[in-house]
Amino acid sequence: MKEKDLFLYAFDIKTFCLFFLLFYLIPYPIYRLIAHRFQWETNPKSASRHWSDLLDGLSYGLLLFTFGNYANTLSWITVAAFYPSLFGYALIAELPFTKTSLPNIKHWPRGMWIVFLIALSVILVFAGYHIYLGSLLPPPFLLYYVSGLLVPISILMSSFALSTEINSNWIRARLSGWRNQTNGEERTQLLTNAFHNPYSSKIVIHLHHWQIFYSLAFFTRFDHPVSQVGAGIVLACYMEGVCAYGFDRLVNDG
């Protein structure tokens, strides 16, 4: 393994401009044109939405480039893997049985489950190999590398915690119950159900595939052909979601 794999963050302005050009500015309009030509499923976007997505792409891209070590590992292999994967993912997403979303997992057809399990298997194989690559570097790199998973997990768990509080008034009800508890758990439960909910609206959690693959793209950070192919694939899956639908949010008003 090479010394530049040890960098937890790195930045080079020229390489970043190339990164943003190759993985956003070029594929975005090409994808939209091809999707329109073949009537692929996309969200309609106004000029203002395209502009907002551009700025979001710049912000997210800057974070990914800096902390994903792309300043040191960007190569033609990543680019070569990116473009076929981008349109390959789009073609898979256009299959009749894949036109669904993660929140509807209970109603997925059999074909969607097959695609999901194959994709999950590929991800796990790549993950195992990346952990192996990390183990070749001096400690405590592997500890830092694996601990990086705590960032997206913490964001997801905090989003669910926010949803639970807003939708069910969970924290306020229990705080009041603990202050006024006189008859044990039964009293607490009654207060939970009766306590006034001050929130005026509900929120829902919708985990999008662009968010999943964007998170994975931070971990394909090694100057190794397998890692560079993996980077191209996850960047493509991330950008397919952005090109087709935009930077849809994790936490939404219900």
# chains A, B, ... in the order shown; residues from 1 in each chain; ligands from 1
>>> residues_around(residues="region 235-245 of chain A", least_positions_apart="2", cutoff="9 Å", atoms="only C-alpha atoms", output="mmCIF file with N, CA and C atoms, in the first residue's frame")
data_model
loop_
_atom_site.group_PDB
_atom_site.id
_atom_site.type_symbol
_atom_site.label_atom_id
_atom_site.label_comp_id
_atom_site.auth_asym_id
_atom_site.auth_seq_id
_atom_site.Cartn_x
_atom_site.Cartn_y
_atom_site.Cartn_z
ATOM 1 N N PHE A 23 -17.388 14.228 -12.823
ATOM 2 C CA PHE A 23 -18.416 13.488 -12.096
ATOM 3 C C PHE A 23 -19.672 14.303 -11.799
ATOM 4 N N TYR A 24 -19.733 15.532 -12.302
ATOM 5 C CA TYR A 24 -20.979 16.303 -12.156
ATOM 6 C C TYR A 24 -21.287 17.113 -13.408
ATOM 7 N N PRO A 27 -21.588 14.595 -16.679
ATOM 8 C CA PRO A 27 -22.649 13.570 -16.696
ATOM 9 C C PRO A 27 -24.048 14.108 -16.444
ATOM 10 N N TYR A 28 -24.181 15.201 -15.701
ATOM 11 C CA TYR A 28 -25.512 15.702 -15.351
ATOM 12 C C TYR A 28 -26.337 16.056 -16.595
ATOM 13 N N PRO A 29 -25.863 16.957 -17.475
ATOM 14 C CA PRO A 29 -26.687 17.284 -18.655
ATOM 15 C C PRO A 29 -26.826 16.112 -19.623
ATOM 16 N N TYR A 31 -26.989 12.928 -18.861
ATOM 17 C CA TYR A 31 -28.010 12.026 -18.310
ATOM 18 C C TYR A 31 -29.406 12.587 -18.531
ATOM 19 N N ARG A 32 -29.589 13.875 -18.269
ATOM 20 C CA ARG A 32 -30.916 14.479 -18.426
ATOM 21 C C ARG A 32 -31.383 14.401 -19.879
ATOM 22 N N ALA A 35 -32.164 10.690 -20.651
ATOM 23 C CA ALA A 35 -33.375 10.304 -19.925
ATOM 24 C C ALA A 35 -34.620 10.869 -20.600
ATOM 25 N N TRP A 40 -37.013 8.022 -19.530
ATOM 26 C CA TRP A 40 -36.736 7.424 -18.230
ATOM 27 C C TRP A 40 -37.426 8.233 -17.137
ATOM 28 N N GLU A 41 -37.630 7.614 -16.011
ATOM 29 C CA GLU A 41 -38.278 8.293 -14.889
ATOM 30 C C GLU A 41 -37.338 9.343 -14.295
ATOM 31 N N THR A 42 -37.788 10.581 -14.290
ATOM 32 C CA THR A 42 -37.045 11.683 -13.678
ATOM 33 C C THR A 42 -38.031 12.646 -13.038
ATOM 34 N N ASN A 43 -37.525 13.447 -12.118
ATOM 35 C CA ASN A 43 -38.330 14.532 -11.574
ATOM 36 C C ASN A 43 -38.205 15.751 -12.483
ATOM 37 N N PRO A 44 -39.318 16.407 -12.807
ATOM 38 C CA PRO A 44 -39.201 17.657 -13.570
ATOM 39 C C PRO A 44 -38.461 18.697 -12.744
ATOM 40 N N LYS A 45 -37.584 19.440 -13.400
ATOM 41 C CA LYS A 45 -36.784 20.436 -12.692
ATOM 42 C C LYS A 45 -36.859 21.774 -13.414
ATOM 43 N N ASP A 53 -29.399 22.337 -7.386
ATOM 44 C CA ASP A 53 -28.697 21.058 -7.425
ATOM 45 C C ASP A 53 -27.215 21.247 -7.751
ATOM 46 N N GLY A 57 -24.437 20.077 -5.364
ATOM 47 C CA GLY A 57 -23.416 19.170 -5.882
ATOM 48 C C GLY A 57 -22.012 19.671 -5.611
ATOM 49 N N THR A 78 -11.265 5.060 -12.267
ATOM 50 C CA THR A 78 -12.514 5.531 -11.664
ATOM 51 C C THR A 78 -13.440 6.107 -12.722
ATOM 52 N N ALA A 81 -14.914 3.341 -14.909
ATOM 53 C CA ALA A 81 -15.967 2.579 -14.226
ATOM 54 C C ALA A 81 -17.228 3.412 -14.031
ATOM 55 N N PHE A 82 -17.072 4.729 -13.976
ATOM 56 C CA PHE A 82 -18.190 5.611 -13.641
ATOM 57 C C PHE A 82 -19.274 5.634 -14.715
ATOM 58 N N TYR A 83 -18.905 5.913 -15.948
ATOM 59 C CA TYR A 83 -19.924 6.168 -16.977
ATOM 60 C C TYR A 83 -20.741 4.933 -17.346
ATOM 61 N N PRO A 84 -20.143 3.756 -17.530
ATOM 62 C CA PRO A 84 -20.994 2.574 -17.748
ATOM 63 C C PRO A 84 -21.895 2.272 -16.553
ATOM 64 N N SER A 85 -21.373 2.498 -15.342
ATOM 65 C CA SER A 85 -22.172 2.228 -14.142
ATOM 66 C C SER A 85 -23.338 3.200 -14.018
ATOM 67 N N LEU A 86 -23.119 4.457 -14.411
ATOM 68 C CA LEU A 86 -24.177 5.462 -14.339
ATOM 69 C C LEU A 86 -25.379 5.048 -15.175
ATOM 70 N N PHE A 87 -25.126 4.679 -16.414
ATOM 71 C CA PHE A 87 -26.234 4.329 -17.301
ATOM 72 C C PHE A 87 -26.697 2.886 -17.092
ATOM 73 N N TYR A 89 -26.929 1.568 -14.074
ATOM 74 C CA TYR A 89 -27.857 1.717 -12.950
ATOM 75 C C TYR A 89 -29.195 2.263 -13.438
ATOM 76 N N ALA A 90 -29.140 3.229 -14.348
ATOM 77 C CA ALA A 90 -30.378 3.816 -14.870
ATOM 78 C C ALA A 90 -31.228 2.764 -15.575
ATOM 79 N N HIS A 208 -32.741 7.962 0.569
ATOM 80 C CA HIS A 208 -32.620 7.874 -0.889
ATOM 81 C C HIS A 208 -31.315 7.179 -1.273
ATOM 82 N N HIS A 209 -31.313 6.591 -2.475
ATOM 83 C CA HIS A 209 -30.113 5.847 -2.859
ATOM 84 C C HIS A 209 -28.919 6.766 -3.091
ATOM 85 N N TRP A 210 -29.163 8.031 -3.429
ATOM 86 C CA TRP A 210 -28.019 8.919 -3.598
ATOM 87 C C TRP A 210 -27.300 9.114 -2.260
ATOM 88 N N GLN A 211 -28.047 9.123 -1.157
ATOM 89 C CA GLN A 211 -27.446 9.304 0.164
ATOM 90 C C GLN A 211 -26.634 8.078 0.577
ATOM 91 N N ILE A 212 -27.147 6.896 0.257
ATOM 92 C CA ILE A 212 -26.437 5.659 0.597
ATOM 93 C C ILE A 212 -25.101 5.589 -0.137
ATOM 94 N N PHE A 213 -25.131 5.810 -1.447
ATOM 95 C CA PHE A 213 -23.906 5.655 -2.235
ATOM 96 C C PHE A 213 -22.955 6.832 -2.054
ATOM 97 N N TYR A 214 -23.489 8.007 -1.741
ATOM 98 C CA TYR A 214 -22.618 9.134 -1.399
ATOM 99 C C TYR A 214 -21.800 8.800 -0.157
ATOM 100 N N SER A 215 -22.449 8.201 0.839
ATOM 101 C CA SER A 215 -21.739 7.812 2.060
ATOM 102 C C SER A 215 -20.674 6.761 1.767
ATOM 103 N N LEU A 216 -21.007 5.789 0.926
ATOM 104 C CA LEU A 216 -20.046 4.735 0.593
ATOM 105 C C LEU A 216 -18.837 5.289 -0.156
ATOM 106 N N ALA A 217 -19.038 6.376 -0.904
ATOM 107 C CA ALA A 217 -17.951 6.934 -1.709
ATOM 108 C C ALA A 217 -16.819 7.505 -0.861
ATOM 109 N N GLY A 230 -14.413 0.498 -7.464
ATOM 110 C CA GLY A 230 -15.502 0.701 -6.510
ATOM 111 C C GLY A 230 -15.910 2.157 -6.414
ATOM 112 N N ALA A 231 -14.923 3.054 -6.450
ATOM 113 C CA ALA A 231 -15.225 4.485 -6.406
ATOM 114 C C ALA A 231 -16.067 4.901 -7.604
ATOM 115 N N GLY A 232 -15.695 4.406 -8.782
ATOM 116 C CA GLY A 232 -16.471 4.738 -9.977
ATOM 117 C C GLY A 232 -17.902 4.253 -9.888
ATOM 118 N N ILE A 233 -18.105 3.060 -9.330
ATOM 119 C CA ILE A 233 -19.452 2.494 -9.226
ATOM 120 C C ILE A 233 -20.310 3.277 -8.239
ATOM 121 N N PHE A 247 -31.199 16.378 -5.186
ATOM 122 C CA PHE A 247 -30.756 16.117 -3.818
ATOM 123 C C PHE A 247 -31.966 16.092 -2.879
ATOM 124 N N ASP A 248 -32.791 15.058 -3.030
ATOM 125 C CA ASP A 248 -33.944 14.920 -2.145
ATOM 126 C C ASP A 248 -33.470 14.707 -0.717
#
>>> residues_around(residues="Ala71 (chain A)", least_positions_apart="3", cutoff="8 Å", atoms="only C-alpha atoms", output="ChimeraX atom specification")
/A:10-12,15-16,65-66,74
>>> write_last_selection(atoms="N, CA and C atoms", output="PDB file, in the first residue's frame")
ATOM      1  N   ALA A  10      -7.434  15.418   2.209  1.00  0.00           N
ATOM      2  CA  ALA A  10      -6.461  16.044   1.307  1.00  0.00           C
ATOM      3  C   ALA A  10      -7.222  16.891   0.302  1.00  0.00           C
ATOM      4  N   PHE A  11      -6.567  17.927  -0.205  1.00  0.00           N
ATOM      5  CA  PHE A  11      -7.234  18.796  -1.180  1.00  0.00           C
ATOM      6  C   PHE A  11      -6.210  19.360  -2.154  1.00  0.00           C
ATOM      7  N   ASP A  12      -6.610  19.378  -3.412  1.00  0.00           N
ATOM      8  CA  ASP A  12      -5.829  20.017  -4.471  1.00  0.00           C
ATOM      9  C   ASP A  12      -6.824  20.671  -5.424  1.00  0.00           C
ATOM     10  N   THR A  15      -7.101  19.244  -9.086  1.00  0.00           N
ATOM     11  CA  THR A  15      -7.701  17.907  -9.114  1.00  0.00           C
ATOM     12  C   THR A  15      -9.177  17.974  -8.763  1.00  0.00           C
ATOM     13  N   PHE A  16      -9.545  18.873  -7.847  1.00  0.00           N
ATOM     14  CA  PHE A  16     -10.963  19.010  -7.503  1.00  0.00           C
ATOM     15  C   PHE A  16     -11.764  19.519  -8.696  1.00  0.00           C
ATOM     16  N   PHE A  65     -14.667  14.994  -1.946  1.00  0.00           N
ATOM     17  CA  PHE A  65     -13.322  15.041  -2.512  1.00  0.00           C
ATOM     18  C   PHE A  65     -12.276  15.180  -1.413  1.00  0.00           C
ATOM     19  N   THR A  66     -12.543  16.042  -0.449  1.00  0.00           N
ATOM     20  CA  THR A  66     -11.566  16.333   0.601  1.00  0.00           C
ATOM     21  C   THR A  66     -11.386  15.164   1.559  1.00  0.00           C
ATOM     22  N   LEU A  74      -7.673   9.730  -7.372  1.00  0.00           N
ATOM     23  CA  LEU A  74      -8.446   9.868  -8.607  1.00  0.00           C
ATOM     24  C   LEU A  74      -7.624   9.372  -9.799  1.00  0.00           C
TER      25      LEU A  74
END
>>> residues_around(residues="Ser163 (chain A)", least_positions_apart="6", cutoff="9 Å", atoms="only C-alpha atoms", output="list in words")
Lys202, Ile203, Val204, Ile205 and Val251 of chain A
>>> atom_distance(atom1="CA of Ala161 (chain A)", atom2="CA of Asn252 (chain A)")
13.7 Å
>>> residues_around(residues="region 116-127 of chain A", least_positions_apart="3", cutoff="9 Å", atoms="only C-alpha atoms", output="PyMOL selection string")
chain A and resi 111-113+130-132+219-220+226-227+230
>>> write_last_selection(atoms="C-alpha atoms", output="mmCIF file, in the first residue's frame")
data_model
loop_
_atom_site.group_PDB
_atom_site.id
_atom_site.type_symbol
_atom_site.label_atom_id
_atom_site.label_comp_id
_atom_site.auth_asym_id
_atom_site.auth_seq_id
_atom_site.Cartn_x
_atom_site.Cartn_y
_atom_site.Cartn_z
ATOM 1 C CA GLY A 111 -37.600 -9.123 -8.819
ATOM 2 C CA MET A 112 -36.730 -6.120 -6.683
ATOM 3 C CA TRP A 113 -35.607 -8.383 -3.858
ATOM 4 C CA HIS A 130 -11.556 -2.477 1.492
ATOM 5 C CA ILE A 131 -11.238 -3.511 5.126
ATOM 6 C CA TYR A 132 -8.448 -5.847 4.018
ATOM 7 C CA PHE A 219 -14.614 4.692 1.876
ATOM 8 C CA THR A 220 -13.323 3.899 -1.632
ATOM 9 C CA VAL A 226 -10.241 -2.501 -6.982
ATOM 10 C CA SER A 227 -10.891 0.547 -4.812
ATOM 11 C CA GLY A 230 -15.502 0.701 -6.510
#
>>> select_by_dssp(residues="region 13-167 of chain A", states="helix (DSSP H, G or I)", output="PyMOL selection string")
chain A and resi 13-25+27-38+47-67+70-73+76-93+96-98+102-107+110-135+141-147+150-167
>>> write_last_selection(atoms="C-alpha atoms", output="CSV table (one decimal), in the first residue's frame")
chain,number,residue,atom,x,y,z
A,13,ILE,CA,-7.7,22.7,-6.4
A,14,LYS,CA,-6.8,21.5,-9.9
A,15,THR,CA,-7.7,17.9,-9.1
A,16,PHE,CA,-11.0,19.0,-7.5
A,17,CYS,CA,-11.9,21.0,-10.6
A,18,LEU,CA,-11.3,17.9,-12.7
A,19,PHE,CA,-13.2,15.7,-10.2
A,20,PHE,CA,-16.2,18.1,-10.3
A,21,LEU,CA,-16.1,18.3,-14.1
A,22,LEU,CA,-15.9,14.6,-14.7
A,23,PHE,CA,-18.4,13.5,-12.1
A,24,TYR,CA,-21.0,16.3,-12.2
A,25,LEU,CA,-20.7,19.0,-14.9
A,27,PRO,CA,-22.6,13.6,-16.7
A,28,TYR,CA,-25.5,15.7,-15.4
A,29,PRO,CA,-26.7,17.3,-18.7
A,30,ILE,CA,-25.9,14.1,-20.6
A,31,TYR,CA,-28.0,12.0,-18.3
A,32,ARG,CA,-30.9,14.5,-18.4
A,33,LEU,CA,-30.8,14.6,-22.2
A,34,ILE,CA,-30.7,10.8,-22.6
A,35,ALA,CA,-33.4,10.3,-19.9
A,36,HIS,CA,-35.6,12.7,-21.8
A,37,ARG,CA,-34.9,11.0,-25.1
A,38,PHE,CA,-35.8,7.5,-23.8
A,47,ALA,CA,-34.0,26.3,-13.9
A,48,SER,CA,-33.9,27.3,-10.2
A,49,ARG,CA,-33.9,23.6,-9.2
A,50,HIS,CA,-31.1,22.8,-11.6
A,51,TRP,CA,-29.1,25.7,-10.1
A,52,SER,CA,-29.8,24.6,-6.5
A,53,ASP,CA,-28.7,21.1,-7.4
A,54,LEU,CA,-25.5,22.5,-8.9
A,55,LEU,CA,-24.7,24.3,-5.7
A,56,ASP,CA,-25.6,21.3,-3.6
A,57,GLY,CA,-23.4,19.2,-5.9
A,58,LEU,CA,-20.5,21.6,-5.4
A,59,SER,CA,-20.9,21.5,-1.6
A,60,TYR,CA,-21.3,17.7,-1.4
A,61,GLY,CA,-18.6,17.2,-3.9
A,62,LEU,CA,-16.2,19.4,-2.0
A,63,LEU,CA,-16.7,17.4,1.2
A,64,LEU,CA,-16.4,14.1,-0.6
A,65,PHE,CA,-13.3,15.0,-2.5
A,66,THR,CA,-11.6,16.3,0.6
A,67,PHE,CA,-12.4,13.6,3.1
A,70,TYR,CA,-9.7,11.7,-4.1
A,71,ALA,CA,-6.9,14.3,-4.3
A,72,ASN,CA,-4.6,11.3,-4.1
A,73,THR,CA,-6.5,8.4,-5.7
A,76,TRP,CA,-8.7,7.0,-15.2
A,77,ILE,CA,-9.9,3.7,-13.7
A,78,THR,CA,-12.5,5.5,-11.7
A,79,VAL,CA,-13.7,7.5,-14.7
A,80,ALA,CA,-13.8,4.3,-16.8
A,81,ALA,CA,-16.0,2.6,-14.2
A,82,PHE,CA,-18.2,5.6,-13.6
A,83,TYR,CA,-19.9,6.2,-17.0
A,84,PRO,CA,-21.0,2.6,-17.7
A,85,SER,CA,-22.2,2.2,-14.1
A,86,LEU,CA,-24.2,5.5,-14.3
A,87,PHE,CA,-26.2,4.3,-17.3
A,88,GLY,CA,-26.2,0.7,-16.2
A,89,TYR,CA,-27.9,1.7,-13.0
A,90,ALA,CA,-30.4,3.8,-14.9
A,91,LEU,CA,-31.3,0.8,-17.1
A,92,ILE,CA,-31.8,-1.4,-14.0
A,93,ALA,CA,-33.9,1.3,-12.3
A,96,PRO,CA,-40.8,-2.6,-14.1
A,97,PHE,CA,-40.1,-4.4,-10.8
A,98,THR,CA,-37.5,-1.9,-9.6
A,102,LEU,CA,-36.9,1.9,0.2
A,103,PRO,CA,-39.8,3.1,2.3
A,104,ASN,CA,-42.0,0.6,0.4
A,105,ILE,CA,-39.8,-2.4,1.2
A,106,LYS,CA,-42.7,-4.4,2.7
A,107,HIS,CA,-44.3,-4.3,-0.8
A,110,ARG,CA,-39.7,-10.6,-6.0
A,111,GLY,CA,-37.6,-9.1,-8.8
A,112,MET,CA,-36.7,-6.1,-6.7
A,113,TRP,CA,-35.6,-8.4,-3.9
A,114,ILE,CA,-33.3,-10.3,-6.2
A,115,VAL,CA,-31.7,-7.0,-7.5
A,116,PHE,CA,-31.4,-5.8,-3.9
A,117,LEU,CA,-29.7,-8.9,-2.6
A,118,ILE,CA,-27.3,-9.0,-5.6
A,119,ALA,CA,-26.4,-5.4,-5.0
A,120,LEU,CA,-26.0,-6.0,-1.3
A,121,SER,CA,-23.7,-8.9,-1.9
A,122,VAL,CA,-21.5,-6.9,-4.2
A,123,ILE,CA,-21.3,-4.1,-1.6
A,124,LEU,CA,-20.3,-6.5,1.1
A,125,VAL,CA,-17.6,-8.1,-1.1
A,126,PHE,CA,-16.2,-4.6,-1.8
A,127,ALA,CA,-16.5,-3.7,1.8
A,128,GLY,CA,-14.6,-6.8,2.9
A,129,TYR,CA,-11.8,-6.1,0.4
A,130,HIS,CA,-11.6,-2.5,1.5
A,131,ILE,CA,-11.2,-3.5,5.1
A,132,TYR,CA,-8.4,-5.8,4.0
A,133,LEU,CA,-6.7,-2.9,2.2
A,134,GLY,CA,-7.1,-0.8,5.3
A,135,SER,CA,-5.5,-3.6,7.4
A,141,PHE,CA,-5.6,3.7,10.3
A,142,LEU,CA,-8.0,0.7,10.2
A,143,LEU,CA,-9.6,1.9,13.4
A,144,TYR,CA,-10.2,5.4,12.0
A,145,TYR,CA,-11.3,3.9,8.7
A,146,VAL,CA,-14.0,1.7,10.2
A,147,SER,CA,-15.0,4.3,12.8
A,150,LEU,CA,-20.3,6.2,12.7
A,151,VAL,CA,-20.8,9.5,10.9
A,152,PRO,CA,-23.6,8.4,8.5
A,153,ILE,CA,-25.0,6.0,11.1
A,154,SER,CA,-25.2,8.8,13.6
A,155,ILE,CA,-26.9,11.1,11.1
A,156,LEU,CA,-29.5,8.4,10.3
A,157,MET,CA,-30.2,7.5,13.9
A,158,SER,CA,-30.5,11.2,14.9
A,159,SER,CA,-33.0,11.7,12.1
A,160,PHE,CA,-35.1,8.8,13.3
A,161,ALA,CA,-34.9,10.2,16.9
A,162,LEU,CA,-36.1,13.5,15.6
A,163,SER,CA,-39.0,11.8,13.8
A,164,THR,CA,-40.0,9.9,16.9
A,165,GLU,CA,-40.0,13.1,19.0
A,166,ILE,CA,-41.9,15.2,16.4
A,167,ASN,CA,-44.5,12.6,15.5
>>> closest_residue(among="A:Gln39, A:Ser200, A:Ser75, A:Asn69", to="Glu94 (chain A)", atoms="only C-alpha atoms")
A:Gln39
>>> atom_distance(atom1="CA of Gln228 (chain A)", atom2="CA of Pro140 (chain A)")
22.7 Å
>>> atom_distance(atom1="CA of Gly246 (chain A)", atom2="CA of Ser46 (chain A)")
11.3 Å
